[in-house]
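What's in structure32.json: JSON, C-alpha atoms
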[["chain", "number", "residue", "atom", "x", "y", "z"],
["A", 1, "MET", "CA", 75.09, 25.50, 228.02],
["A", 2, "PRO", "CA", 73.11, 22.28, 227.67],
["A", 3, "ASP", "CA", 73.61, 19.89, 230.54],
["A", 4, "GLU", "CA", 74.87, 16.33, 230.10],
["A", 5, "THR", "CA", 71.39, 14.79, 230.01],
["A", 6, "GLU", "CA", 70.25, 17.18, 227.28],
["A", 7, "GLU", "CA", 73.36, 16.48, 225.20],
["A", 8, "LEU", "CA", 72.87, 12.74, 225.61],
["A", 9, "SER", "CA", 69.25, 13.03, 224.61],
["A", 10, "LEU", "CA", 70.14, 15.04, 221.49],
["A", 11, "LEU", "CA", 72.85, 12.57, 220.52],
["A", 12, "GLU", "CA", 70.49, 9.66, 220.99],
["A", 13, "THR", "CA", 67.81, 11.42, 218.93],
["A", 14, "LEU", "CA", 70.24, 12.10, 216.10],
["A", 15, "ASP", "CA", 71.57, 8.56, 216.25],
["A", 16, "HIS", "CA", 68.03, 7.25, 215.69],
["A", 17, "LEU", "CA", 67.31, 9.79, 212.95],
["A", 18, "LEU", "CA", 70.44, 8.88, 210.96],
["A", 19, "ASP", "CA", 70.88, 5.24, 211.86],
["A", 20, "ARG", "CA", 67.37, 3.82, 212.24],
["A", 21, "GLY", "CA", 64.17, 3.70, 210.30],
["A", 22, "VAL", "CA", 63.19, 2.21, 206.99],
["A", 23, "VAL", "CA", 65.36, 3.10, 204.03],
["A", 24, "ILE", "CA", 63.48, 4.14, 200.94],
["A", 25, "ALA", "CA", 65.78, 3.92, 197.99],
["A", 26, "GLY", "CA", 66.22, 6.90, 195.75],
["A", 27, "GLU", "CA", 68.52, 6.98, 192.78],
["A", 28, "ALA", "CA", 69.95, 9.34, 190.25],
["A", 29, "THR", "CA", 72.32, 9.18, 187.36],
["A", 30, "ILE", "CA", 74.55, 12.10, 186.59],
["A", 31, "SER", "CA", 75.04, 12.44, 182.86],
["A", 32, "ILE", "CA", 76.71, 14.77, 180.42],
["A", 33, "GLY", "CA", 75.20, 14.62, 176.98],
["A", 34, "ASP", "CA", 74.14, 11.03, 176.43],
["A", 35, "VAL", "CA", 76.88, 9.56, 178.58],
["A", 36, "ASP", "CA", 76.00, 8.34, 182.07],
["A", 37, "LEU", "CA", 78.91, 9.26, 184.28],
["A", 38, "LEU", "CA", 77.89, 8.43, 187.77],
["A", 39, "TYR", "CA", 75.13, 6.45, 189.45],
["A", 40, "LEU", "CA", 74.08, 7.52, 192.92],
["A", 41, "GLY", "CA", 72.02, 5.59, 195.44],
["A", 42, "LEU", "CA", 70.58, 8.61, 197.20],
["A", 43, "ASN", "CA", 69.74, 6.84, 200.40],
["A", 44, "VAL", "CA", 73.44, 6.39, 201.10],
["A", 45, "VAL", "CA", 74.22, 10.07, 201.01],
["A", 46, "LEU", "CA", 73.55, 10.80, 204.64],
["A", 47, "ALA", "CA", 73.49, 7.36, 206.19],
["A", 48, "ASN", "CA", 76.71, 6.38, 207.82],
["A", 49, "ILE", "CA", 78.66, 3.57, 206.15],
["A", 50, "ASP", "CA", 78.73, 1.64, 209.38],
["A", 51, "ALA", "CA", 74.94, 1.45, 209.52],
["A", 52, "LEU", "CA", 74.62, 0.51, 205.88],
["A", 53, "THR", "CA", 77.00, -2.41, 206.01],
["A", 54, "ARG", "CA", 75.45, -3.61, 209.26],
["A", 55, "ASN", "CA", 71.98, -3.58, 207.72],
["A", 56, "ARG", "CA", 73.15, -5.33, 204.57],
["A", 57, "LYS", "CA", 74.61, -8.10, 206.68],
["A", 58, "ARG", "CA", 71.39, -8.64, 208.66],
["B", 1, "MET", "CA", 60.29, 23.13, 197.00],
["B", 2, "LYS", "CA", 61.13, 19.61, 198.12],
["B", 3, "SER", "CA", 59.83, 17.56, 201.02],
["B", 4, "VAL", "CA", 62.05, 15.76, 203.49],
["B", 5, "VAL", "CA", 60.16, 12.68, 204.64],
["B", 6, "VAL", "CA", 59.90, 12.15, 208.38],
["B", 7, "GLY", "CA", 57.75, 9.04, 208.58],
["B", 8, "VAL", "CA", 54.85, 7.03, 207.21],
["B", 9, "HIS", "CA", 51.53, 7.04, 209.02],
["B", 10, "LEU", "CA", 47.85, 6.26, 208.72],
["B", 11, "HIS", "CA", 45.49, 9.13, 208.03],
["B", 12, "ARG", "CA", 44.99, 11.17, 211.22],
["B", 13, "GLU", "CA", 43.02, 14.38, 211.62],
["B", 14, "ASP", "CA", 45.02, 15.36, 214.69],
["B", 15, "ILE", "CA", 48.49, 15.29, 213.13],
["B", 16, "HIS", "CA", 49.30, 18.88, 212.24],
["B", 17, "VAL", "CA", 52.33, 18.27, 210.06],
["B", 18, "ASP", "CA", 52.59, 18.69, 206.30],
["B", 19, "ALA", "CA", 51.79, 15.37, 204.68],
["B", 20, "VAL", "CA", 51.99, 13.90, 201.20],
["B", 21, "ALA", "CA", 49.63, 11.11, 200.15],
["B", 22, "ALA", "CA", 51.39, 7.86, 199.31],
["B", 23, "GLY", "CA", 48.86, 5.26, 198.26],
["B", 24, "ASP", "CA", 46.48, 4.86, 201.18],
["B", 25, "LEU", "CA", 49.12, 6.03, 203.66],
["B", 26, "TRP", "CA", 50.77, 9.40, 204.29],
["B", 27, "TYR", "CA", 54.34, 10.61, 204.35],
["B", 28, "SER", "CA", 54.74, 13.31, 206.99],
["B", 29, "VAL", "CA", 57.17, 15.83, 205.55],
["B", 30, "VAL", "CA", 59.12, 19.01, 206.14],
["B", 31, "GLU", "CA", 59.15, 21.33, 203.14],
["B", 32, "VAL", "CA", 62.34, 23.17, 202.21],
["B", 33, "ASP", "CA", 63.66, 24.99, 199.17],
["B", 34, "ASP", "CA", 65.01, 22.80, 196.38],
["B", 35, "ASP", "CA", 68.55, 23.99, 196.94],
["B", 36, "HIS", "CA", 68.45, 23.60, 200.71],
["B", 37, "PRO", "CA", 71.22, 21.16, 201.74],
["B", 38, "LEU", "CA", 70.05, 18.08, 203.62],
["B", 39, "ALA", "CA", 73.14, 18.24, 205.80],
["B", 40, "ASP", "CA", 72.04, 21.60, 207.23],
["B", 41, "ARG", "CA", 72.25, 21.30, 211.00],
["B", 42, "ASP", "CA", 69.09, 23.29, 211.66],
["B", 43, "LEU", "CA", 67.09, 21.18, 209.21],
["B", 44, "VAL", "CA", 68.28, 17.95, 210.84],
["B", 45, "LEU", "CA", 67.27, 19.28, 214.24],
["B", 46, "ARG", "CA", 63.92, 20.47, 212.88],
["B", 47, "VAL", "CA", 63.18, 17.02, 211.47],
["B", 48, "ALA", "CA", 64.20, 15.42, 214.77],
["B", 49, "LYS", "CA", 61.83, 17.76, 216.65],
["B", 50, "ILE", "CA", 58.93, 17.00, 214.31],
["B", 51, "ARG", "CA", 59.64, 13.29, 214.64],
["B", 52, "ALA", "CA", 59.30, 13.58, 218.42],
["B", 53, "GLU", "CA", 56.11, 15.66, 218.13],
["B", 54, "LEU", "CA", 54.59, 13.13, 215.74],
["B", 55, "LEU", "CA", 55.33, 10.30, 218.11],
["B", 56, "ASP", "CA", 53.47, 12.13, 220.87],
["B", 57, "ARG", "CA", 50.37, 11.86, 218.67],
["B", 58, "ALA", "CA", 50.64, 8.49, 217.01],
["B", 59, "THR", "CA", 52.86, 5.57, 216.23],
["B", 60, "PHE", "CA", 54.41, 5.80, 212.78],
["B", 61, "ILE", "CA", 57.08, 4.10, 210.70],
["B", 62, "ALA", "CA", 60.25, 6.14, 210.82],
["B", 63, "VAL", "CA", 61.95, 6.84, 207.52],
["B", 64, "ARG", "CA", 65.70, 7.22, 207.75],
["B", 65, "TYR", "CA", 66.76, 10.82, 207.30],
["B", 66, "GLY", "CA", 67.66, 11.73, 203.75],
["B", 67, "PHE", "CA", 64.66, 10.57, 201.73],
["B", 68, "VAL", "CA", 63.13, 13.44, 199.78],
["B", 69, "VAL", "CA", 60.10, 13.69, 197.55],
["B", 70, "GLY", "CA", 59.52, 16.48, 195.08],
["B", 71, "LEU", "CA", 56.29, 18.44, 195.15],
["B", 72, "SER", "CA", 55.74, 17.95, 191.43],
["B", 73, "GLY", "CA", 55.73, 14.18, 191.47],
["B", 74, "ALA", "CA", 53.41, 11.90, 193.40],
["B", 75, "ALA", "CA", 55.09, 9.97, 196.18],
["B", 76, "ALA", "CA", 55.57, 6.30, 195.42],
["B", 77, "PRO", "CA", 53.16, 4.09, 197.35],
["B", 78, "PRO", "CA", 54.86, 2.34, 200.28],
["B", 79, "PRO", "CA", 54.92, -1.48, 200.47],
["B", 80, "PRO", "CA", 51.42, -2.86, 201.26],
["B", 81, "GLN", "CA", 52.61, -4.54, 204.47],
["B", 82, "TRP", "CA", 53.28, -1.14, 206.06],
["B", 83, "ARG", "CA", 49.55, -0.55, 206.54],
["B", 84, "THR", "CA", 49.31, -3.92, 208.31],
["B", 85, "ILE", "CA", 52.31, -3.04, 210.49],
["B", 86, "LEU", "CA", 50.86, 0.37, 211.37],
["B", 87, "GLU", "CA", 47.44, -1.04, 212.20],
["B", 88, "ALA", "CA", 48.91, -3.85, 214.29],
["B", 89, "ASN", "CA", 51.10, -1.43, 216.24],
["B", 90, "ARG", "CA", 48.80, 1.56, 216.75],
["B", 91, "THR", "CA", 49.42, 1.43, 220.49],
["B", 92, "ASN", "CA", 53.04, 0.24, 220.45],
["B", 93, "VAL", "CA", 56.38, 2.03, 220.37],
["B", 94, "GLU", "CA", 60.00, 0.97, 220.33],
["B", 95, "MET", "CA", 62.53, 1.46, 223.13],
["B", 96, "THR", "CA", 66.22, 0.69, 222.88],
["B", 97, "LEU", "CA", 68.81, -0.43, 225.35],
["B", 98, "LYS", "CA", 72.40, 0.12, 224.27],
["B", 99, "VAL", "CA", 74.98, -1.88, 226.19],
["B", 100, "ALA", "CA", 78.75, -1.50, 226.23],
["B", 101, "SER", "CA", 80.58, -4.81, 226.25],
["B", 102, "SER", "CA", 82.98, -5.51, 229.08],
["B", 103, "THR", "CA", 85.09, -7.59, 226.69],
["B", 104, "PRO", "CA", 85.16, -5.78, 223.35],
["B", 105, "ALA", "CA", 86.26, -7.88, 220.40],
["B", 106, "PRO", "CA", 89.63, -6.90, 218.92],
["B", 107, "ARG", "CA", 89.20, -4.26, 216.24],
["B", 108, "PRO", "CA", 90.55, -5.29, 212.82],
["B", 109, "ASN", "CA", 93.40, -3.27, 211.40],
["B", 110, "ARG", "CA", 92.63, -1.48, 208.14],
["B", 111, "LYS", "CA", 96.16, -2.21, 206.88],
["B", 112, "ASP", "CA", 95.44, -5.95, 206.95],
["B", 113, "PHE", "CA", 92.76, -5.63, 204.24],
["B", 114, "GLN", "CA", 93.06, -4.86, 200.57],
["B", 115, "SER", "CA", 89.65, -3.26, 200.17],
["B", 116, "GLY", "CA", 87.52, -1.03, 202.32],
["B", 117, "ALA", "CA", 84.56, -3.39, 201.86],
["B", 118, "SER", "CA", 86.42, -6.41, 203.26],
["B", 119, "TYR", "CA", 87.63, -4.27, 206.15],
["B", 120, "LEU", "CA", 84.07, -3.19, 206.97],
["B", 121, "ARG", "CA", 82.87, -6.80, 206.79],
["B", 122, "ALA", "CA", 85.59, -7.83, 209.24],
["B", 123, "LEU", "CA", 84.66, -4.89, 211.44],
["B", 124, "HIS", "CA", 81.12, -6.19, 211.74],
["B", 125, "ASP", "CA", 82.23, -9.76, 212.18],
["B", 126, "SER", "CA", 84.04, -8.58, 215.28],
["B", 127, "ALA", "CA", 80.74, -7.86, 217.00],
["B", 128, "ALA", "CA", 80.72, -7.38, 220.74],
["B", 129, "SER", "CA", 79.15, -9.79, 223.18],
["B", 130, "ILE", "CA", 77.69, -9.12, 226.59],
["B", 131, "ASP", "CA", 77.22, -11.08, 229.75],
["B", 132, "ASP", "CA", 74.29, -13.53, 229.50],
["B", 133, "ASP", "CA", 73.10, -12.69, 233.01],
["B", 134, "PHE", "CA", 72.69, -9.04, 232.06],
["B", 135, "LYS", "CA", 71.08, -9.95, 228.75],
["B", 136, "HIS", "CA", 68.44, -12.10, 230.42],
["B", 137, "ALA", "CA", 67.87, -9.57, 233.20],
["B", 138, "ALA", "CA", 67.40, -6.80, 230.61],
["B", 139, "GLU", "CA", 64.87, -8.83, 228.65],
["B", 140, "LYS", "CA", 63.01, -9.67, 231.84],
["B", 141, "ALA", "CA", 63.01, -6.05, 233.01],
["B", 142, "VAL", "CA", 61.79, -4.59, 229.72],
["B", 143, "ASN", "CA", 59.41, -7.50, 229.14],
["B", 144, "PRO", "CA", 58.76, -6.58, 225.50],
["B", 145, "ILE", "CA", 56.15, -7.86, 223.09],
["B", 146, "GLU", "CA", 59.13, -8.64, 220.91],
["B", 147, "SER", "CA", 62.82, -7.89, 221.15],
["B", 148, "ARG", "CA", 65.82, -8.04, 218.89],
["B", 149, "TRP", "CA", 69.52, -7.82, 219.78],
["B", 150, "LEU", "CA", 71.50, -5.94, 217.18],
["B", 151, "PRO", "CA", 75.28, -5.66, 216.94],
["B", 152, "ARG", "CA", 76.42, -2.03, 216.85],
["B", 153, "ASP", "CA", 80.20, -2.31, 216.71],
["B", 154, "ASN", "CA", 83.01, -4.26, 218.33],
["B", 155, "ALA", "CA", 82.26, -2.68, 221.69],
["B", 156, "SER", "CA", 78.48, -2.48, 222.03],
["B", 157, "LEU", "CA", 75.16, -4.15, 221.36],
["B", 158, "GLU", "CA", 71.64, -2.83, 221.29],
["B", 159, "MET", "CA", 68.33, -4.39, 222.23],
["B", 160, "ALA", "CA", 65.37, -2.99, 220.30],
["B", 161, "ALA", "CA", 62.15, -3.69, 222.16],
["B", 162, "LEU", "CA", 58.58, -3.34, 220.99],
["B", 163, "ILE", "CA", 56.41, -2.33, 223.93],
["B", 164, "PRO", "CA", 52.89, -1.02, 224.52],
["B", 165, "ARG", "CA", 52.89, 2.78, 224.76],
["B", 166, "ALA", "CA", 51.12, 2.48, 228.12],
["B", 167, "ARG", "CA", 54.18, 0.72, 229.59],
["B", 168, "ILE", "CA", 56.82, 3.39, 228.83],
["B", 169, "GLU", "CA", 57.09, 4.66, 232.42],
["B", 170, "GLU", "CA", 57.08, 1.13, 233.78],
["B", 171, "VAL", "CA", 59.98, 0.19, 231.48],
["B", 172, "ARG", "CA", 61.92, 3.31, 232.52],
["B", 173, "THR", "CA", 61.47, 2.37, 236.17],
["B", 174, "ALA", "CA", 62.61, -1.19, 235.39],
["B", 175, "GLY", "CA", 65.67, 0.34, 233.69],
["B", 176, "GLU", "CA", 66.56, 2.25, 236.85],
["B", 177, "GLN", "CA", 66.31, -0.96, 238.85],
["B", 178, "LEU", "CA", 68.49, -2.73, 236.26],
["B", 179, "LYS", "CA", 71.12, 0.00, 236.76],
["B", 180, "ARG", "CA", 71.10, -0.68, 240.50],
["B", 181, "ASP", "CA", 71.30, -4.46, 239.93],
["B", 182, "PHE", "CA", 74.18, -4.19, 237.43],
["B", 183, "PRO", "CA", 76.12, -1.08, 238.49],
["B", 184, "ARG", "CA", 79.20, -2.10, 236.46],
["B", 185, "VAL", "CA", 77.41, -2.57, 233.15],
["B", 186, "PRO", "CA", 77.27, 0.70, 231.19],
["B", 187, "PHE", "CA", 73.98, 0.89, 229.31],
["B", 188, "LEU", "CA", 71.55, 3.47, 228.01],
["B", 189, "LEU", "CA", 67.80, 2.89, 227.92],
["B", 190, "SER", "CA", 66.01, 5.34, 225.66],
["B", 191, "GLY", "CA", 62.68, 5.90, 223.98],
["B", 192, "PRO", "CA", 59.94, 5.96, 223.05],
["B", 193, "TRP", "CA", 60.86, 5.75, 219.37],
["B", 194, "PRO", "CA", 58.67, 5.22, 216.32],
["B", 195, "LEU", "CA", 58.66, 1.89, 214.48],
["B", 196, "GLU", "CA", 62.23, 1.67, 213.25],
["B", 197, "VAL", "CA", 63.68, -1.80, 213.69],
["B", 198, "PHE", "CA", 60.47, -3.81, 213.61],
["B", 199, "ALA", "CA", 59.03, -2.13, 210.53],
["B", 200, "ASN", "CA", 62.33, -2.78, 208.77],
["B", 201, "ALA", "CA", 62.61, -6.39, 209.81],
["B", 202, "ASP", "CA", 59.06, -7.20, 208.82],
["B", 203, "CYS", "CA", 59.66, -5.80, 205.35],
["B", 204, "GLU", "CA", 62.75, -7.87, 204.63]]

What is this structure when it is put down as structure tokens?
Amino acid sequence: MPDETEELSLLETLDHLLDRGVVIAGEATISIGDVDLLYLGLNVVLANIDALTRNRKR
Amino acid sequence: MKSVVVGVHLHREDIHVDAVAAGDLWYSVVEVDDDHPLADRDLVLRVAKIRAELLDRATFIAVRYGFVVGLSGAAAPPPPQWRTILEANRTNVEMTLKVASSTPAPRPNRKDFQSGASYLRALHDSAASIDDDFKHAAEKAVNPIESRWLPRDNASLEMAALIPRARIEEVRTAGEQLKRDFPRVPFLLSGPWPLEVFANADCE
């Protein structure tokens, strides 16, 4: 079992991985035939909404 | 195969991580199968581990997890100012100090808002504040080249500090002293981290 310090360190590492760093925009459009159905900003897929809105506000 | 980007760095002979050229800089990457899900726990942990190993070698600009480049296409060149940022901060790293507020702002109620967007805006407008004495003491203790206070939520703030790599241990020791001086203020000092906040801010 990981001790408390190890768990804290892992959480902190993951927080930085998912919540910090420059965002490079990717994008894709899902289409069927010639009709564009859905536009996706790929950088939002795994970022949390909280971080995105905070960064937009800054 | 696809490449999950870890960070952007200058050319280094001593960085033994897969890298993709991007203009005159390099994206350090982790290669996975095309159908490998980015949300795979083991992949996330692998990227986190490589990020830490990279930072042991050199300062780099961290790319938020989730950006992928395909092997068939050339990676887009990063903004020109990134080279300047990397060269200016070769010997610097970031450290962060997360502080819980003793007087959290009231959290808005989702039912009071018609849209999710307006609710999220209100959520961030209800940013926490912390005691000025602690804020000044923290800045003095860390003594950064540059610092930035960032709101996290209605209950905590974070100070991102740019410091020389040579001062990491000194800052940790100062953090321990800060804990003794302010035993009732819950905070977490962590790092070193790659260029995250400062690379972002300089590109805005």

Worksheet item: At a cut-off of 7 Å from (68.2, 16.1, 217.3) in the coordinates of the file, what residues are picked up using all atoms listed in the file, written as a PyMOL selection string?
Response: (chain A and resi 10-11+13-14) or (chain B and resi 44-45+48-49)

Fill in: Interatomic distance (Å, one decimal) between atom CA of Pro78 of chain B and atom CA of Val8 of chain B
8.4 Å

Practice prompt. Rank nothing, just name the residue among B:Gly175, B:Pro77, B:Gly66, B:Pro192 nearest to chain A, using only C-alpha atoms.
Written response: B:Gly66

Worksheet item: Contacts of Ile145 of chain B at 9 Å or less, counting only C-alpha atoms, minus same-chain residues fewer than 3 places along, as an MDAnalysis selection string?
Response: chainID B and resid 161:164

Practice prompt. For chain A, list the residues within 6 Å of chain B, counting only C-alpha atoms, and write the list as JSON, numbers by chain.
Written response: {"A": [17, 18, 20, 21, 22, 23]}

Those selected residues, please, written with C-alpha atoms and delivered as an mmCIF file, in the coordinates of the input.
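selection_29.cif, written as the output of this step:
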data_model
loop_
_atom_site.group_PDB
_atom_site.id
_atom_site.type_symbol
_atom_site.label_atom_id
_atom_site.label_comp_id
_atom_site.auth_asym_id
_atom_site.auth_seq_id
_atom_site.Cartn_x
_atom_site.Cartn_y
_atom_site.Cartn_z
ATOM 1 C CA LEU A 17 67.310 9.790 212.950
ATOM 2 C CA LEU A 18 70.440 8.880 210.960
ATOM 3 C CA ARG A 20 67.370 3.820 212.240
ATOM 4 C CA GLY A 21 64.170 3.700 210.300
ATOM 5 C CA VAL A 22 63.190 2.210 206.990
ATOM 6 C CA VAL A 23 65.360 3.100 204.030
#

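Here the question is which of B:Ala174, B:Leu10, B:Ala22, B:Met1 gets nearest to Pro79 of chain B using only C-alpha atoms, and that residue is B:Ala22.
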
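What separates atom CA of Asn92 of chain B from atom CA of Ala141 of chain B is a distance of 17.2 Å.
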
Response to the item:
Judged by only C-alpha atoms, the minimum distance to Ser156 of chain B among B:Thr173, B:Asn143, B:Gln114, B:Ser101 is found for B:Ser101

Residue contacts of Gln177 of chain B (12 Å, all atoms listed in the file) excluding same-chain residues fewer than 2 positions away, as a PDB file with C-alpha atoms, keeping the file's coordinate frame:
ATOM      1  CA  ALA B 137      67.870  -9.570 233.200  1.00  0.00           C
ATOM      2  CA  ALA B 138      67.400  -6.800 230.610  1.00  0.00           C
ATOM      3  CA  LYS B 140      63.010  -9.670 231.840  1.00  0.00           C
ATOM      4  CA  ALA B 141      63.010  -6.050 233.010  1.00  0.00           C
ATOM      5  CA  VAL B 142      61.790  -4.590 229.720  1.00  0.00           C
ATOM      6  CA  GLU B 170      57.080   1.130 233.780  1.00  0.00           C
ATOM      7  CA  VAL B 171      59.980   0.190 231.480  1.00  0.00           C
ATOM      8  CA  ARG B 172      61.920   3.310 232.520  1.00  0.00           C
ATOM      9  CA  THR B 173      61.470   2.370 236.170  1.00  0.00           C
ATOM     10  CA  ALA B 174      62.610  -1.190 235.390  1.00  0.00           C
ATOM     11  CA  GLY B 175      65.670   0.340 233.690  1.00  0.00           C
ATOM     12  CA  LYS B 179      71.120   0.000 236.760  1.00  0.00           C
ATOM     13  CA  ARG B 180      71.100  -0.680 240.500  1.00  0.00           C
ATOM     14  CA  ASP B 181      71.300  -4.460 239.930  1.00  0.00           C
ATOM     15  CA  PHE B 182      74.180  -4.190 237.430  1.00  0.00           C
ATOM     16  CA  PRO B 183      76.120  -1.080 238.490  1.00  0.00           C
ATOM     17  CA  LEU B 189      67.800   2.890 227.920  1.00  0.00           C
TER      18      LEU B 189
END

Centre and size of axis-aligned box enclosing segment 5-21 of chain A plus 4 Å each side, as AutoDock Vina command-line options:
--center_x 68.8 --center_y 10.4 --center_z 220.2 --size_x 17.2 --size_y 21.5 --size_z 27.7

Worksheet item: What does the distance between atom CA of Leu55 of chain B and atom CA of Leu25 of chain B come to in Å, to one decimal place?
Response: 16.3 Å

Worksheet, complete the sentence: Using only C-alpha atoms, the shortest atom-to-atom distance to Lys135 of chain B among B:Leu157, B:Arg107, B:Arg90, B:Ser118 belongs to B:Leu157

Item to complete: Determine, counting all atoms listed in the file, which protein, DNA and RNA residues have an atom within 9 Å of an atom of Ala100 of chain B; residues of the same chain fewer than 4 positions away are not included. Present the result as a list in words.
Response: Pro104, Ala128, Ser129, Ile130, Ala155, Ser156, Leu157, Glu158, Val185, Pro186, Phe187 and Leu188 of chain B

Discussion item. When you look at Thr91 of chain B with a cut-off of 8 Å (counting all atoms listed in the file), what residues show up, excluding the ones that are within fewer than 6 positions of it in the same chain? I need them as a PyMOL selection string.
Written reply: chain B and resi 58-59+164-166
